[in-house]
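J.: My structure is below; once you've seen it, I'll send some questions.
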Amino acid sequence: MADDLSELKKPVFSTALNDLDNILMQGNKAFLLGAGCSKCAGLPLTDELTRMALASPLLDTATKNILSSIKDLFKGAVSANIEDYLSELVDLMAIAERRSVRGATTHTASLSSVAYSANELKTAADQIKQAIASIIDQDVKMEVHLKFIKAVHRPSRPGRTVIARPVDYLILNYDTLIESSLALEKISYADGMNGGTSAWWDPSTFDSKDVSARVLKLHGSIDWSEIAGDVLPRRIGKKLKLPIGSDQKVLIWPASTKYRETQRDPYAQLASLGRRILRPQHGTQTVLVVCGYSFSDSHINIELERALRESAGELTMIVFTFDDSPVGELKKWYLDKEISDQIRIYAKNGFFHGTTQVPSTTDLPWCKFENVTRLLGGER
């Protein structure tokens, strides 16, 4: 049963929603979507994904031991998850590789007093990525995402059918819900891939004048593969049997990917395009809608804060959050007078913008992706 939106009809909240409509009509649109937006399709949240990945039958004993040791290193940490563990593993791989390349006597990295070579750590990382992909690559419910795409790409006002610039989707999830929804709704889009069921990485597709949307998979995708001798992703049909020596491995990056990884393509190319999207040209406005994201990725947070400060007030960030009120990094930005006017926060227990605080004693339904979709579609 759909949630009741009647609480949002109160004048204080309906005004905030009307302002939202007006803002979205005035500027270029971008959406930053996190794991919370895929829950309604039947996919796990990050904590659920963590439990499922740790128990995956695709992990051998060595990988399970490595994960157990890494998990122990995070004792006492708040909300540590499988992406944190995978990031730690990537760091250990870098340490072992650097020692080996430099000819060090010790060319391994240790965990719980056990020395692991770079190859052993890489095998573990590949298995974990495959486990994550297998969990996410399942039957999904498309209803909400199809409605979301329809809502975003509907004419902004009667008689207006042309969108000046493609809508940009900055996706933190590994699933393909947004791309699939765009295709099913016959909306042309670019995701950096050139081809069809099988495709190759071609960032020039983002510059096409014929697309209505651009999809930036900032952490990779379950349908991207890395093959030997090429770090750039391919999309390879599941039924295709490649020649011996062309083993394919799923290409995803953990949320806490460190500096070394961010310098490599295609991650670096995606990050560069993302920065340009968040820095509108002088005299233009960009509206970034954030949904399903908990602000736990330090790299994403750094980019968002820099964009707010460097956009000369021409970037507006609209945040739908399950938190009762602004917390953590978002609270810090909200309290910063230099950028607080650029941030509008639709929280579970109120609306917050600049010096405006509209608290609510009841939970407001606008924090859920399903309801954000309804609101974007004009429902009140």
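To be explicit about the labels: the chains of the structure tokens are called A, B, and onward in the order shown, and within each one the residues are counted from 1, while ligands get numbers from 1 in the order they are shown.
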Running DSSP on the backbone, which parts of stretch 100-185 of chain A land in strand (DSSP E), as a ChimeraX atom specification?
T.: /A:109-111,114-116,167-171
J.: Tell me which protein, DNA and RNA residues are within 6 Å of stretch 203-216 of chain A, counting only C-alpha atoms, leaving out same-chain ones fewer than 6 positions away, and put them as a ChimeraX atom specification.
T.: /A:166-171,188-192
J.: So that I can check the surroundings of A:Ile343, please list as a ChimeraX atom specification every protein, DNA and RNA residue that reaches within 7 Å of it, counting only C-alpha atoms and ignoring chain neighbours fewer than 4 positions away.
T.: /A:316-318,334,353
J.: Compile the contact shell of A:Asp72 as a PyMOL selection string: residues with an atom at most 12 Å away, counting only C-alpha atoms, same-chain residues fewer than 3 positions apart removed.
T.: chain A and resi 65-69+75-77+80-81+85+88+111-112
J.: Those same residues, written as a PDB file, in the first residue's frame with N, CA and C atoms?
T.:
```pdb
ATOM      1  N   ASN A  65      39.037 -16.018   5.444  1.00  0.00           N
ATOM      2  CA  ASN A  65      39.987 -15.711   6.519  1.00  0.00           C
ATOM      3  C   ASN A  65      40.489 -14.270   6.407  1.00  0.00           C
ATOM      4  N   ILE A  66      40.769 -13.844   5.174  1.00  0.00           N
ATOM      5  CA  ILE A  66      41.211 -12.468   4.955  1.00  0.00           C
ATOM      6  C   ILE A  66      40.129 -11.492   5.379  1.00  0.00           C
ATOM      7  N   LEU A  67      38.894 -11.756   4.981  1.00  0.00           N
ATOM      8  CA  LEU A  67      37.783 -10.882   5.351  1.00  0.00           C
ATOM      9  C   LEU A  67      37.571 -10.843   6.856  1.00  0.00           C
ATOM     10  N   SER A  68      37.709 -11.999   7.498  1.00  0.00           N
ATOM     11  CA  SER A  68      37.535 -12.054   8.946  1.00  0.00           C
ATOM     12  C   SER A  68      38.577 -11.202   9.656  1.00  0.00           C
ATOM     13  N   SER A  69      39.813 -11.259   9.163  1.00  0.00           N
ATOM     14  CA  SER A  69      40.882 -10.467   9.770  1.00  0.00           C
ATOM     15  C   SER A  69      40.650  -8.977   9.553  1.00  0.00           C
ATOM     16  N   LYS A  75      36.690  -3.279  14.410  1.00  0.00           N
ATOM     17  CA  LYS A  75      35.942  -3.358  15.666  1.00  0.00           C
ATOM     18  C   LYS A  75      35.830  -1.976  16.299  1.00  0.00           C
ATOM     19  N   GLY A  76      34.623  -1.621  16.707  1.00  0.00           N
ATOM     20  CA  GLY A  76      34.382  -0.319  17.297  1.00  0.00           C
ATOM     21  C   GLY A  76      34.006   0.759  16.294  1.00  0.00           C
ATOM     22  N   ALA A  77      34.199   0.457  14.987  1.00  0.00           N
ATOM     23  CA  ALA A  77      33.844   1.441  13.953  1.00  0.00           C
ATOM     24  C   ALA A  77      32.330   1.507  13.804  1.00  0.00           C
ATOM     25  N   ALA A  80      30.650  -0.033   9.755  1.00  0.00           N
ATOM     26  CA  ALA A  80      31.610  -0.564   8.784  1.00  0.00           C
ATOM     27  C   ALA A  80      30.907  -1.609   7.919  1.00  0.00           C
ATOM     28  N   ASN A  81      31.221  -1.627   6.629  1.00  0.00           N
ATOM     29  CA  ASN A  81      30.504  -2.518   5.721  1.00  0.00           C
ATOM     30  C   ASN A  81      31.444  -3.174   4.722  1.00  0.00           C
ATOM     31  N   TYR A  85      35.609  -2.979   3.914  1.00  0.00           N
ATOM     32  CA  TYR A  85      36.516  -4.132   3.950  1.00  0.00           C
ATOM     33  C   TYR A  85      37.238  -4.285   2.605  1.00  0.00           C
ATOM     34  N   GLU A  88      39.923  -1.664   2.283  1.00  0.00           N
ATOM     35  CA  GLU A  88      41.094  -2.048   3.083  1.00  0.00           C
ATOM     36  C   GLU A  88      41.929  -3.077   2.334  1.00  0.00           C
ATOM     37  N   LEU A 111      48.114  -9.803   7.777  1.00  0.00           N
ATOM     38  CA  LEU A 111      46.821  -9.706   8.446  1.00  0.00           C
ATOM     39  C   LEU A 111      46.765 -10.796   9.505  1.00  0.00           C
ATOM     40  N   SER A 112      46.539 -10.416  10.743  1.00  0.00           N
ATOM     41  CA  SER A 112      46.476 -11.396  11.840  1.00  0.00           C
ATOM     42  C   SER A 112      47.695 -12.304  11.830  1.00  0.00           C
TER      43      SER A 112
END
```
J.: Which residues, written as a short mmCIF file (atom, residue, chain, number, x, y, z; two decimals) with C-alpha atoms, in the first residue's frame, have at least one atom at most 9 Å from stretch 17-25 of chain A, with only C-alpha atoms counted and residues fewer than 6 positions away on the same chain left out?
T.:
```
data_model
loop_
_atom_site.label_atom_id
_atom_site.label_comp_id
_atom_site.auth_asym_id
_atom_site.auth_seq_id
_atom_site.Cartn_x
_atom_site.Cartn_y
_atom_site.Cartn_z
CA LEU A 8 2.81 17.12 3.30
CA SER A 156 8.38 20.95 -16.79
CA ARG A 157 5.27 22.91 -17.72
CA THR A 286 22.27 23.30 -11.76
CA VAL A 287 20.04 21.49 -9.29
CA THR A 316 21.60 24.05 -5.46
CA ILE A 318 18.29 19.17 -2.60
CA ARG A 344 17.59 22.34 1.01
CA LEU A 375 6.26 14.07 -5.61
CA LEU A 376 8.41 14.60 -8.69
CA GLY A 378 3.29 16.05 -9.35
CA ARG A 380 0.42 15.99 -3.60
#
```
J.: Find, counting only C-alpha atoms, the residue in A:Pro280, A:Glu185, A:Gly42, A:Glu7 that gets nearest to A:Gly350.
T.: A:Glu7
J.: For the structure I just gave you, how does DSSP split stretch 78-159 of chain A - specifically, which residues are alpha helix (DSSP H)? Reply as a PyMOL selection string.
T.: chain A and resi 82-101+118-136+143-153
J.: Ranking A:Gln342, A:Thr108, A:Gln357, A:Thr373 by minimum distance to A:Leu146 and counting only C-alpha atoms, which one comes first?
T.: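 Distance minimum relative to A:Leu146 lands on A:Thr373.
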J.: Find the distance between atom CA of A:Met142 and atom CA of A:Leu177 and write it in Å to one decimal.
T.: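 Calculated distance between atom CA of A:Met142 and atom CA of A:Leu177 is 7.3 Å.
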J.: Show me, as a ChimeraX atom specification, the residues that have an atom within 9 Å of A:Ile135 when counting only C-alpha atoms, minus same-chain residues fewer than 4 positions from it.
T.: /A:43-44,49,52-53,56,130-131
J.: Deliver the residues from the most recent selection as a file, using N, CA, C and O atoms, as a PDB file, in the first residue's frame.
T.:
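Output (again10.pdb):
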```
ATOM      1  N   LEU A  43      16.462  -4.912  -3.949  1.00  0.00           N
ATOM      2  CA  LEU A  43      17.900  -5.060  -3.742  1.00  0.00           C
ATOM      3  C   LEU A  43      18.279  -4.654  -2.320  1.00  0.00           C
ATOM      4  O   LEU A  43      17.597  -3.847  -1.698  1.00  0.00           O
ATOM      5  N   PRO A  44      19.378  -5.200  -1.805  1.00  0.00           N
ATOM      6  CA  PRO A  44      19.732  -4.963  -0.395  1.00  0.00           C
ATOM      7  C   PRO A  44      20.340  -3.593  -0.146  1.00  0.00           C
ATOM      8  O   PRO A  44      21.000  -3.014  -1.021  1.00  0.00           O
ATOM      9  N   LEU A  49      23.723  -6.067   2.258  1.00  0.00           N
ATOM     10  CA  LEU A  49      24.693  -6.556   1.283  1.00  0.00           C
ATOM     11  C   LEU A  49      25.935  -7.096   1.989  1.00  0.00           C
ATOM     12  O   LEU A  49      26.506  -8.116   1.586  1.00  0.00           O
ATOM     13  N   MET A  52      25.211 -10.575   3.441  1.00  0.00           N
ATOM     14  CA  MET A  52      25.072 -11.560   2.380  1.00  0.00           C
ATOM     15  C   MET A  52      26.412 -11.868   1.716  1.00  0.00           C
ATOM     16  O   MET A  52      26.711 -13.022   1.405  1.00  0.00           O
ATOM     17  N   ALA A  53      27.231 -10.839   1.512  1.00  0.00           N
ATOM     18  CA  ALA A  53      28.532 -11.051   0.877  1.00  0.00           C
ATOM     19  C   ALA A  53      29.460 -11.865   1.772  1.00  0.00           C
ATOM     20  O   ALA A  53      30.185 -12.748   1.293  1.00  0.00           O
ATOM     21  N   SER A  56      28.696 -15.471   1.387  1.00  0.00           N
ATOM     22  CA  SER A  56      28.582 -15.966   0.017  1.00  0.00           C
ATOM     23  C   SER A  56      29.368 -17.256  -0.205  1.00  0.00           C
ATOM     24  O   SER A  56      30.526 -17.375   0.211  1.00  0.00           O
ATOM     25  N   GLN A 130      32.889 -10.529  -7.145  1.00  0.00           N
ATOM     26  CA  GLN A 130      31.982 -11.469  -7.807  1.00  0.00           C
ATOM     27  C   GLN A 130      30.809 -11.809  -6.902  1.00  0.00           C
ATOM     28  O   GLN A 130      29.662 -11.947  -7.360  1.00  0.00           O
ATOM     29  N   ALA A 131      31.071 -11.923  -5.599  1.00  0.00           N
ATOM     30  CA  ALA A 131      29.988 -12.208  -4.645  1.00  0.00           C
ATOM     31  C   ALA A 131      28.992 -11.056  -4.607  1.00  0.00           C
ATOM     32  O   ALA A 131      27.774 -11.262  -4.615  1.00  0.00           O
TER      33      ALA A 131
END
```
J.: Stretch 297-307 of chain A: which residues within 8 Å, counting only C-alpha atoms, same-chain residues fewer than 3 positions away excluded, as an NGL selection string?
T.: :A and (255-256 or 275 or 278-279 or 310-311 or 315 or 329 or 333)
J.: When you draw a straight line from atom CA of A:Asp202 to atom CA of A:Ile149, how long is it in Å?
T.: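 Going from atom CA of A:Asp202 over to atom CA of A:Ile149 covers 24.3 Å.
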